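Undergrad: PDB, C-alpha atoms, pLDDT in the B column, file target.pdb:
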ATOM      1  CA  MET A   1     -35.994  36.417  28.991  1.00 54.00           C
ATOM      2  CA  PRO A   2     -32.642  34.565  28.662  1.00 66.00           C
ATOM      3  CA  GLY A   3     -34.347  31.302  27.676  1.00 72.00           C
ATOM      4  CA  GLU A   4     -36.351  32.989  24.939  1.00 74.00           C
ATOM      5  CA  GLU A   5     -33.234  34.744  23.627  1.00 76.00           C
ATOM      6  CA  LYS A   6     -31.335  31.453  23.456  1.00 82.00           C
ATOM      7  CA  GLY A   7     -34.264  29.841  21.657  1.00 84.00           C
ATOM      8  CA  ALA A   8     -34.403  32.639  19.081  1.00 86.00           C
ATOM      9  CA  GLU A   9     -30.659  32.418  18.523  1.00 91.00           C
ATOM     10  CA  ARG A  10     -30.829  28.644  18.063  1.00 93.00           C
ATOM     11  CA  LEU A  11     -33.603  28.950  15.487  1.00 94.00           C
ATOM     12  CA  MET A  12     -31.641  31.575  13.588  1.00 95.00           C
ATOM     13  CA  ASP A  13     -28.458  29.495  13.709  1.00 95.00           C
ATOM     14  CA  ASP A  14     -30.318  26.463  12.332  1.00 96.00           C
ATOM     15  CA  HIS A  15     -31.772  28.566   9.518  1.00 96.00           C
ATOM     16  CA  LEU A  16     -28.419  30.087   8.603  1.00 96.00           C
ATOM     17  CA  LYS A  17     -26.724  26.692   8.642  1.00 95.00           C
ATOM     18  CA  SER A  18     -29.382  25.330   6.276  1.00 96.00           C
ATOM     19  CA  ILE A  19     -28.387  27.945   3.682  1.00 96.00           C
ATOM     20  CA  GLY A  20     -24.630  27.603   4.173  1.00 95.00           C
ATOM     21  CA  LEU A  21     -24.099  30.498   6.570  1.00 96.00           C
ATOM     22  CA  HIS A  22     -22.840  30.904  10.129  1.00 95.00           C
ATOM     23  CA  ARG A  23     -23.559  33.526  12.789  1.00 96.00           C
ATOM     24  CA  LYS A  24     -20.393  34.759  14.454  1.00 94.00           C
ATOM     25  CA  LYS A  25     -21.181  36.174  17.868  1.00 93.00           C
ATOM     26  CA  ILE A  26     -20.209  39.767  18.590  1.00 95.00           C
ATOM     27  CA  ALA A  27     -19.859  41.270  22.064  1.00 94.00           C
ATOM     28  CA  LYS A  28     -23.249  42.441  23.306  1.00 92.00           C
ATOM     29  CA  ASP A  29     -22.602  46.113  23.882  1.00 93.00           C
ATOM     30  CA  GLY A  30     -23.339  49.458  22.256  1.00 93.00           C
ATOM     31  CA  SER A  31     -20.551  48.922  19.730  1.00 96.00           C
ATOM     32  CA  CYS A  32     -21.745  45.601  18.291  1.00 96.00           C
ATOM     33  CA  LEU A  33     -22.622  47.140  14.909  1.00 97.00           C
ATOM     34  CA  PHE A  34     -19.270  48.909  14.624  1.00 98.00           C
ATOM     35  CA  ARG A  35     -17.414  45.769  15.737  1.00 97.00           C
ATOM     36  CA  ALA A  36     -19.109  43.719  13.013  1.00 97.00           C
ATOM     37  CA  VAL A  37     -18.425  46.329  10.335  1.00 98.00           C
ATOM     38  CA  ALA A  38     -14.802  46.739  11.423  1.00 97.00           C
ATOM     39  CA  GLU A  39     -14.278  42.995  11.159  1.00 95.00           C
ATOM     40  CA  GLN A  40     -16.005  42.531   7.811  1.00 96.00           C
ATOM     41  CA  VAL A  41     -14.626  45.650   6.125  1.00 97.00           C
ATOM     42  CA  LEU A  42     -11.277  46.234   7.859  1.00 96.00           C
ATOM     43  CA  GLN A  43     -10.631  42.634   9.004  1.00 92.00           C
ATOM     44  CA  SER A  44     -10.287  43.590  12.664  1.00 94.00           C
ATOM     45  CA  GLN A  45     -12.908  44.177  15.358  1.00 94.00           C
ATOM     46  CA  SER A  46     -10.329  46.178  17.297  1.00 95.00           C
ATOM     47  CA  LEU A  47     -10.825  49.033  14.827  1.00 97.00           C
ATOM     48  CA  HIS A  48     -14.452  49.543  15.859  1.00 97.00           C
ATOM     49  CA  THR A  49     -13.692  52.859  17.596  1.00 97.00           C
ATOM     50  CA  LYS A  50     -12.179  54.201  14.370  1.00 97.00           C
ATOM     51  CA  VAL A  51     -15.226  53.063  12.403  1.00 98.00           C
ATOM     52  CA  ARG A  52     -17.497  54.841  14.887  1.00 98.00           C
ATOM     53  CA  ALA A  53     -15.415  58.032  14.766  1.00 98.00           C
ATOM     54  CA  LYS A  54     -15.439  58.000  10.968  1.00 98.00           C
ATOM     55  CA  CYS A  55     -19.209  57.504  11.006  1.00 98.00           C
ATOM     56  CA  VAL A  56     -19.677  60.498  13.313  1.00 98.00           C
ATOM     57  CA  GLU A  57     -17.510  62.649  11.048  1.00 98.00           C
ATOM     58  CA  PHE A  58     -19.370  61.464   7.937  1.00 98.00           C
ATOM     59  CA  LEU A  59     -22.740  62.320   9.471  1.00 98.00           C
ATOM     60  CA  LYS A  60     -21.426  65.720  10.517  1.00 98.00           C
ATOM     61  CA  CYS A  61     -20.186  66.462   6.989  1.00 98.00           C
ATOM     62  CA  ASN A  62     -23.442  65.246   5.426  1.00 98.00           C
ATOM     63  CA  ARG A  63     -25.831  66.758   7.919  1.00 97.00           C
ATOM     64  CA  GLU A  64     -28.349  67.813   5.274  1.00 97.00           C
ATOM     65  CA  SER A  65     -28.899  64.177   4.257  1.00 96.00           C
ATOM     66  CA  TYR A  66     -29.464  62.759   7.747  1.00 97.00           C
ATOM     67  CA  GLU A  67     -30.696  65.469  10.112  1.00 97.00           C
ATOM     68  CA  ALA A  68     -34.350  64.941   9.191  1.00 96.00           C
ATOM     69  CA  PHE A  69     -34.157  61.360  10.491  1.00 95.00           C
ATOM     70  CA  ILE A  70     -32.849  62.351  13.925  1.00 96.00           C
ATOM     71  CA  GLU A  71     -35.119  63.245  16.826  1.00 93.00           C
ATOM     72  CA  GLY A  72     -33.943  66.246  18.804  1.00 95.00           C
ATOM     73  CA  ASP A  73     -30.854  68.381  18.348  1.00 97.00           C
ATOM     74  CA  PHE A  74     -28.429  67.052  15.721  1.00 97.00           C
ATOM     75  CA  GLU A  75     -25.304  68.313  17.497  1.00 97.00           C
ATOM     76  CA  ASP A  76     -26.413  66.602  20.693  1.00 97.00           C
ATOM     77  CA  TYR A  77     -27.011  63.415  18.709  1.00 97.00           C
ATOM     78  CA  LEU A  78     -23.473  63.525  17.275  1.00 97.00           C
ATOM     79  CA  TRP A  79     -21.984  64.142  20.710  1.00 97.00           C
ATOM     80  CA  LYS A  80     -23.792  61.128  22.191  1.00 97.00           C
ATOM     81  CA  LEU A  81     -22.875  58.959  19.194  1.00 97.00           C
ATOM     82  CA  GLN A  82     -19.191  59.272  20.097  1.00 97.00           C
ATOM     83  CA  ASP A  83     -19.819  57.234  23.260  1.00 97.00           C
ATOM     84  CA  PRO A  84     -18.684  53.600  22.633  1.00 94.00           C
ATOM     85  CA  GLN A  85     -21.710  52.375  24.606  1.00 93.00           C
ATOM     86  CA  GLN A  86     -24.241  54.365  22.585  1.00 95.00           C
ATOM     87  CA  TRP A  87     -26.579  52.022  20.715  1.00 92.00           C
ATOM     88  CA  VAL A  88     -27.142  52.742  17.037  1.00 94.00           C
ATOM     89  CA  GLY A  89     -29.523  51.760  14.274  1.00 91.00           C
ATOM     90  CA  GLU A  90     -30.742  52.398  10.757  1.00 95.00           C
ATOM     91  CA  VAL A  91     -29.399  55.938  10.331  1.00 97.00           C
ATOM     92  CA  GLU A  92     -25.870  54.839  11.166  1.00 98.00           C
ATOM     93  CA  ILE A  93     -26.184  51.731   8.980  1.00 98.00           C
ATOM     94  CA  ASN A  94     -27.140  53.880   6.000  1.00 98.00           C
ATOM     95  CA  ALA A  95     -24.177  56.160   6.659  1.00 98.00           C
ATOM     96  CA  LEU A  96     -21.786  53.203   6.933  1.00 98.00           C
ATOM     97  CA  ALA A  97     -23.138  51.761   3.686  1.00 98.00           C
ATOM     98  CA  VAL A  98     -22.287  54.931   1.783  1.00 98.00           C
ATOM     99  CA  MET A  99     -18.935  55.315   3.560  1.00 98.00           C
ATOM    100  CA  TYR A 100     -17.721  51.833   2.677  1.00 98.00           C
ATOM    101  CA  LYS A 101     -19.800  51.339  -0.486  1.00 98.00           C
ATOM    102  CA  ARG A 102     -21.385  48.149   0.824  1.00 98.00           C
ATOM    103  CA  ASP A 103     -25.030  47.270   1.144  1.00 98.00           C
ATOM    104  CA  PHE A 104     -26.215  45.779   4.421  1.00 98.00           C
ATOM    105  CA  LEU A 105     -28.094  42.479   4.315  1.00 98.00           C
ATOM    106  CA  ILE A 106     -29.719  41.799   7.671  1.00 97.00           C
ATOM    107  CA  PHE A 107     -31.243  38.502   8.769  1.00 97.00           C
ATOM    108  CA  GLN A 108     -34.065  39.251  11.192  1.00 95.00           C
ATOM    109  CA  GLU A 109     -36.345  36.205  11.228  1.00 93.00           C
ATOM    110  CA  PRO A 110     -35.547  32.481  10.893  1.00 92.00           C
ATOM    111  CA  GLY A 111     -36.813  31.016   7.639  1.00 92.00           C
ATOM    112  CA  LYS A 112     -36.958  34.366   5.874  1.00 95.00           C
ATOM    113  CA  PRO A 113     -34.452  35.973   3.479  1.00 95.00           C
ATOM    114  CA  PRO A 114     -32.324  38.891   4.664  1.00 97.00           C
ATOM    115  CA  VAL A 115     -33.537  42.444   4.239  1.00 96.00           C
ATOM    116  CA  ASN A 116     -31.393  44.702   2.061  1.00 97.00           C
ATOM    117  CA  ILE A 117     -31.796  47.625   4.406  1.00 95.00           C
ATOM    118  CA  THR A 118     -29.673  50.048   2.351  1.00 97.00           C
ATOM    119  CA  ASP A 119     -30.399  48.937  -1.237  1.00 95.00           C
ATOM    120  CA  ASN A 120     -27.774  51.085  -2.967  1.00 97.00           C
ATOM    121  CA  ASN A 121     -26.884  48.406  -5.531  1.00 96.00           C
ATOM    122  CA  PHE A 122     -23.349  48.142  -4.187  1.00 97.00           C
ATOM    123  CA  LYS A 123     -21.515  45.001  -5.259  1.00 96.00           C
ATOM    124  CA  ASP A 124     -20.018  44.230  -1.846  1.00 97.00           C
ATOM    125  CA  LYS A 125     -22.157  43.388   1.175  1.00 97.00           C
ATOM    126  CA  VAL A 126     -22.049  43.426   4.955  1.00 98.00           C
ATOM    127  CA  ARG A 127     -24.104  40.531   6.311  1.00 97.00           C
ATOM    128  CA  LEU A 128     -25.569  40.863   9.773  1.00 97.00           C
ATOM    129  CA  CYS A 129     -28.019  39.106  12.038  1.00 96.00           C
ATOM    130  CA  PHE A 130     -30.315  41.266  14.175  1.00 95.00           C
ATOM    131  CA  LEU A 131     -31.561  39.503  17.290  1.00 89.00           C
ATOM    132  CA  ASN A 132     -33.329  40.308  20.540  1.00 82.00           C
ATOM    133  CA  GLY A 133     -34.298  43.804  19.491  1.00 84.00           C
ATOM    134  CA  ASN A 134     -30.956  45.544  19.872  1.00 85.00           C
ATOM    135  CA  HIS A 135     -28.016  43.343  18.915  1.00 93.00           C
ATOM    136  CA  TYR A 136     -26.048  42.712  15.729  1.00 96.00           C
ATOM    137  CA  ASP A 137     -23.899  39.655  15.006  1.00 96.00           C
ATOM    138  CA  SER A 138     -21.813  38.996  11.899  1.00 96.00           C
ATOM    139  CA  VAL A 139     -22.878  36.448   9.289  1.00 97.00           C
ATOM    140  CA  TYR A 140     -20.333  34.606   7.161  1.00 95.00           C
ATOM    141  CA  PRO A 141     -20.369  31.709   4.700  1.00 93.00           C
ATOM    142  CA  ILE A 142     -19.489  28.499   6.530  1.00 89.00           C
ATOM    143  CA  SER A 143     -16.549  28.072   4.130  1.00 83.00           C
ATOM    144  CA  HIS A 144     -15.110  31.383   5.346  1.00 69.00           C
ATOM    145  CA  ILE A 145     -15.268  30.259   8.975  1.00 65.00           C
ATOM    146  CA  LYS A 146     -13.618  26.928   8.152  1.00 61.00           C
ATOM    147  CA  ASN A 147     -10.795  28.650   6.274  1.00 60.00           C
ATOM    148  CA  ALA A 148     -10.292  31.139   9.100  1.00 61.00           C
ATOM    149  CA  ALA A 149     -10.208  28.283  11.611  1.00 58.00           C
ATOM    150  CA  LEU A 150      -7.567  26.465   9.587  1.00 57.00           C
ATOM    151  CA  CYS A 151      -5.411  29.603   9.385  1.00 60.00           C
ATOM    152  CA  GLN A 152      -5.797  30.128  13.126  1.00 62.00           C
ATOM    153  CA  SER A 153      -4.830  26.528  13.814  1.00 67.00           C
ATOM    154  CA  ILE A 154      -1.675  26.869  11.694  1.00 63.00           C
ATOM    155  CA  LEU A 155      -0.791  30.123  13.449  1.00 59.00           C
ATOM    156  CA  TYR A 156      -1.143  28.463  16.856  1.00 58.00           C
ATOM    157  CA  GLU A 157       1.090  25.614  15.695  1.00 67.00           C
ATOM    158  CA  LEU A 158       3.786  28.096  14.677  1.00 67.00           C
ATOM    159  CA  LEU A 159       3.500  30.062  17.911  1.00 67.00           C
ATOM    160  CA  TYR A 160       3.495  27.013  20.180  1.00 65.00           C
ATOM    161  CA  ASP A 161       6.402  25.265  18.462  1.00 68.00           C
ATOM    162  CA  GLY A 162       8.499  28.016  16.920  1.00 67.00           C
ATOM    163  CA  VAL A 163       8.106  30.986  19.241  1.00 70.00           C
ATOM    164  CA  PHE A 164       7.108  29.899  22.738  1.00 68.00           C
ATOM    165  CA  ASN A 165       8.452  26.320  22.639  1.00 69.00           C
ATOM    166  CA  VAL A 166       5.391  25.177  24.570  1.00 66.00           C
ATOM    167  CA  ASP A 167       4.977  21.558  25.622  1.00 63.00           C
ATOM    168  CA  ARG A 168       1.532  20.812  24.207  1.00 57.00           C
ATOM    169  CA  GLY A 169       0.901  18.233  26.891  1.00 62.00           C
ATOM    170  CA  SER A 170       0.709  21.080  29.381  1.00 58.00           C
ATOM    171  CA  LEU A 171      -2.043  22.837  27.434  1.00 57.00           C
ATOM    172  CA  GLY A 172      -4.729  20.258  28.182  1.00 54.00           C
ATOM    173  CA  PRO A 173      -8.271  21.171  27.128  1.00 53.00           C
ATOM    174  CA  CYS A 174      -7.344  24.799  26.531  1.00 49.00           C
ATOM    175  CA  GLN A 175      -5.555  23.964  23.275  1.00 50.00           C
ATOM    176  CA  ARG A 176      -7.663  23.953  20.149  1.00 45.00           C
ATOM    177  CA  THR A 177      -6.813  21.143  17.793  1.00 46.00           C
ATOM    178  CA  GLY A 178      -6.730  21.440  14.027  1.00 45.00           C
ATOM    179  CA  ARG A 179     -10.338  20.444  13.353  1.00 43.00           C
ATOM    180  CA  ALA A 180     -11.863  23.407  11.549  1.00 44.00           C
ATOM    181  CA  SER A 181     -15.388  22.239  12.357  1.00 42.00           C
ATOM    182  CA  ASP A 182     -14.769  22.958  16.036  1.00 42.00           C
ATOM    183  CA  PHE A 183     -14.729  26.666  15.281  1.00 41.00           C
ATOM    184  CA  LEU A 184     -18.242  26.633  13.869  1.00 44.00           C
ATOM    185  CA  SER A 185     -19.784  26.577  17.321  1.00 41.00           C
ATOM    186  CA  ASP A 186     -18.993  29.052  20.069  1.00 46.00           C
ATOM    187  CA  ASP A 187     -20.463  26.564  22.528  1.00 45.00           C
ATOM    188  CA  ASN A 188     -17.928  23.775  21.861  1.00 42.00           C
ATOM    189  CA  MET A 189     -15.039  25.432  23.686  1.00 37.00           C
ATOM    190  CA  ALA A 190     -13.876  23.458  26.685  1.00 38.00           C
ATOM    191  CA  ALA A 191     -13.737  25.476  29.872  1.00 37.00           C
ATOM    192  CA  CYS A 192     -10.185  26.512  30.704  1.00 36.00           C
ATOM    193  CA  ALA A 193      -9.032  27.049  34.242  1.00 37.00           C
ATOM    194  CA  SER A 194      -8.379  30.641  35.182  1.00 33.00           C
ATOM    195  CA  SER A 195      -4.804  31.729  35.812  1.00 33.00           C
ATOM    196  CA  ASP A 196      -5.532  31.777  39.538  1.00 33.00           C
ATOM    197  CA  GLU A 197      -6.876  28.222  39.446  1.00 35.00           C
ATOM    198  CA  SER A 198      -3.899  27.023  37.417  1.00 33.00           C
ATOM    199  CA  ASP A 199      -1.477  28.602  39.871  1.00 36.00           C
ATOM    200  CA  GLN A 200      -3.305  27.004  42.772  1.00 36.00           C
ATOM    201  CA  ASP A 201      -3.138  23.552  41.166  1.00 37.00           C
ATOM    202  CA  ALA A 202       0.584  23.869  40.583  1.00 37.00           C
ATOM    203  CA  ALA A 203       1.381  25.117  44.065  1.00 38.00           C
ATOM    204  CA  GLU A 204       2.236  22.936  47.013  1.00 37.00           C
ATOM    205  CA  PRO A 205      -0.584  22.284  49.513  1.00 37.00           C
ATOM    206  CA  LEU A 206      -1.082  25.090  51.980  1.00 35.00           C
ATOM    207  CA  ARG A 207       0.195  24.367  55.454  1.00 34.00           C
TER
END
Let me see whether you can do it: turn the structure in this file into structure tokens.

TA:
Amino acid sequence: MPGEEKGAERLMDDHLKSIGLHRKKIAKDGSCLFRAVAEQVLQSQSLHTKVRAKCVEFLKCNRESYEAFIEGDFEDYLWKLQDPQQWVGEVEINALAVMYKRDFLIFQEPGKPPVNITDNNFKDKVRLCFLNGNHYDSVYPISHIKNAALCQSILYELLYDGVFNVDRGSLGPCQRTGRASDFLSDDNMAACASSDESDQDAAEPLR
């Protein structure tokens, strides 16, 4: 139920905030795990297809270590895994941990510590939040989000003033100001008019 999902997310967000962490929402599709890993390891969610492809190749090359954990034909499993909408789980997480030499800490219940699901004693970590039975979001220190927000704000300033020469008065509520705290909530964003709506507002009345 949507209401129950929102309630669970709110409880988790409150718990994470109480320990200095923030849940960054990831698109809810079959690639959410790969998106989160691509962002945390390679600094770009857009590389999620490459992370998935590398995972498939790693599993293929290390078949003897993973085949026993797969139900059905292993070749069929690998073929399906190439689909960007194919949901994944613990087998793929363990493969990614070895690939990138990072243990995976996963928050699953509010008020409880994360589970080290890979436990390989790697120094670096990937922090995730597992909610609603099938979805992974990224987890970052709040300080990381604030610093990223500040960098983004500076970048926008440079683009608006130095590249596009945009009159900021025309941006209205769509422009994000330089308050880093605004970026800590995905729900604070003011609704921006669509391009169609903006064009309609600027046009002369229809006759």

Undergrad: Could you put an axis-aligned box around every listed atom of stretch 28-35 of chain A, padded by 6 Å on each side, and send me its centre and edge lengths in Å to one decimal, as JSON?

TA:
{"center_x": -20.4, "center_y": 45.9, "center_z": 19.3, "size_x": 17.9, "size_y": 19.0, "size_z": 21.3}

Undergrad: Rounded to one decimal in Å, what is the spacing between atom CA of A:Asn94 and atom CA of A:Asn116?

TA: 10.9 Å

Undergrad: Starting from the displayed file, determine the output of the PyMOL selection byres ((chain A and resi 33) around 10) and express the residue list as a count of residues only.

TA: 27

Undergrad: Mind pulling up the distance from atom CA of A:Val115 to atom CA of A:Glu57?

TA: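 According to the coordinates, atom CA of A:Glu57 and atom CA of A:Val115 are separated by 26.7 Å.
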
Undergrad: One number please: atom CA of A:Gly7 to atom CA of A:Thr118, in Å, one decimal.

TA: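 One can read the atom CA of A:Gly7 to atom CA of A:Thr118 distance as 28.3 Å.
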
Undergrad: Run the PyMOL selection byres ((chain A and resi 99) around 12) against the file shown and list the residues it catches, as a ChimeraX atom specification.

TA: /A:37,41,51-52,54-59,61-62,92-98,100-103,120,122

Undergrad: Return as a list in words the set of residues that the PyMOL selection byres ((chain A and resi 19) around 12) yields on the displayed structure.

TA: Met12, Asp13, Asp14, His15, Leu16, Lys17, Ser18, Gly20, Leu21, His22, Arg23, Pro110, Gly111, Lys112, Pro113, Pro114, Val139, Tyr140, Pro141, Ile142 and Ser143 of chain A

Undergrad: Have stretch 31-56 of chain A completed to N, CA and C atoms, please, and pass it along as a CSV table (one decimal), keeping the file's coordinate frame.

TA:
chain,number,residue,atom,x,y,z
A,31,SER,N,-21.4,48.9,20.9
A,31,SER,CA,-20.6,48.9,19.7
A,31,SER,C,-20.7,47.7,18.8
A,32,CYS,N,-21.7,46.9,19.1
A,32,CYS,CA,-21.7,45.6,18.3
A,32,CYS,C,-21.8,45.8,16.8
A,33,LEU,N,-22.6,46.9,16.3
A,33,LEU,CA,-22.6,47.1,14.9
A,33,LEU,C,-21.3,47.5,14.4
A,34,PHE,N,-20.6,48.4,15.1
A,34,PHE,CA,-19.3,48.9,14.6
A,34,PHE,C,-18.2,47.8,14.7
A,35,ARG,N,-18.3,46.9,15.7
A,35,ARG,CA,-17.4,45.8,15.7
A,35,ARG,C,-17.6,44.9,14.5
A,36,ALA,N,-18.8,44.6,14.2
A,36,ALA,CA,-19.1,43.7,13.0
A,36,ALA,C,-18.6,44.4,11.7
A,37,VAL,N,-18.9,45.6,11.6
A,37,VAL,CA,-18.4,46.3,10.3
A,37,VAL,C,-16.9,46.4,10.3
A,38,ALA,N,-16.3,46.7,11.4
A,38,ALA,CA,-14.8,46.7,11.4
A,38,ALA,C,-14.2,45.4,11.0
A,39,GLU,N,-14.8,44.3,11.5
A,39,GLU,CA,-14.3,43.0,11.2
A,39,GLU,C,-14.5,42.6,9.7
A,40,GLN,N,-15.7,42.9,9.2
A,40,GLN,CA,-16.0,42.5,7.8
A,40,GLN,C,-15.3,43.4,6.8
A,41,VAL,N,-15.2,44.7,7.1
A,41,VAL,CA,-14.6,45.6,6.1
A,41,VAL,C,-13.1,45.8,6.3
A,42,LEU,N,-12.7,45.9,7.6
A,42,LEU,CA,-11.3,46.2,7.9
A,42,LEU,C,-10.5,45.0,8.4
A,43,GLN,N,-11.2,43.9,8.5
A,43,GLN,CA,-10.6,42.6,9.0
A,43,GLN,C,-10.2,42.7,10.5
A,44,SER,N,-10.7,43.6,11.3
A,44,SER,CA,-10.3,43.6,12.7
A,44,SER,C,-11.3,44.3,13.5
A,45,GLN,N,-11.9,43.6,14.5
A,45,GLN,CA,-12.9,44.2,15.4
A,45,GLN,C,-12.3,45.3,16.2
A,46,SER,N,-11.0,45.2,16.4
A,46,SER,CA,-10.3,46.2,17.3
A,46,SER,C,-10.4,47.6,16.7
A,47,LEU,N,-10.7,47.7,15.5
A,47,LEU,CA,-10.8,49.0,14.8
A,47,LEU,C,-12.2,49.6,14.9
A,48,HIS,N,-13.1,49.1,15.8
A,48,HIS,CA,-14.5,49.5,15.9
A,48,HIS,C,-14.6,51.0,16.3
A,49,THR,N,-13.6,51.5,17.2
A,49,THR,CA,-13.7,52.9,17.6
A,49,THR,C,-13.4,53.8,16.4
A,50,LYS,N,-12.5,53.4,15.5
A,50,LYS,CA,-12.2,54.2,14.4
A,50,LYS,C,-13.4,54.2,13.4
A,51,VAL,N,-14.0,53.1,13.3
A,51,VAL,CA,-15.2,53.1,12.4
A,51,VAL,C,-16.3,54.0,13.0
A,52,ARG,N,-16.5,54.0,14.3
A,52,ARG,CA,-17.5,54.8,14.9
A,52,ARG,C,-17.1,56.3,14.7
A,53,ALA,N,-15.9,56.6,14.9
A,53,ALA,CA,-15.4,58.0,14.8
A,53,ALA,C,-15.6,58.5,13.3
A,54,LYS,N,-15.3,57.6,12.4
A,54,LYS,CA,-15.4,58.0,11.0
A,54,LYS,C,-16.9,58.2,10.6
A,55,CYS,N,-17.8,57.4,11.2
A,55,CYS,CA,-19.2,57.5,11.0
A,55,CYS,C,-19.7,58.8,11.5
A,56,VAL,N,-19.3,59.2,12.7
A,56,VAL,CA,-19.7,60.5,13.3
A,56,VAL,C,-19.3,61.6,12.4
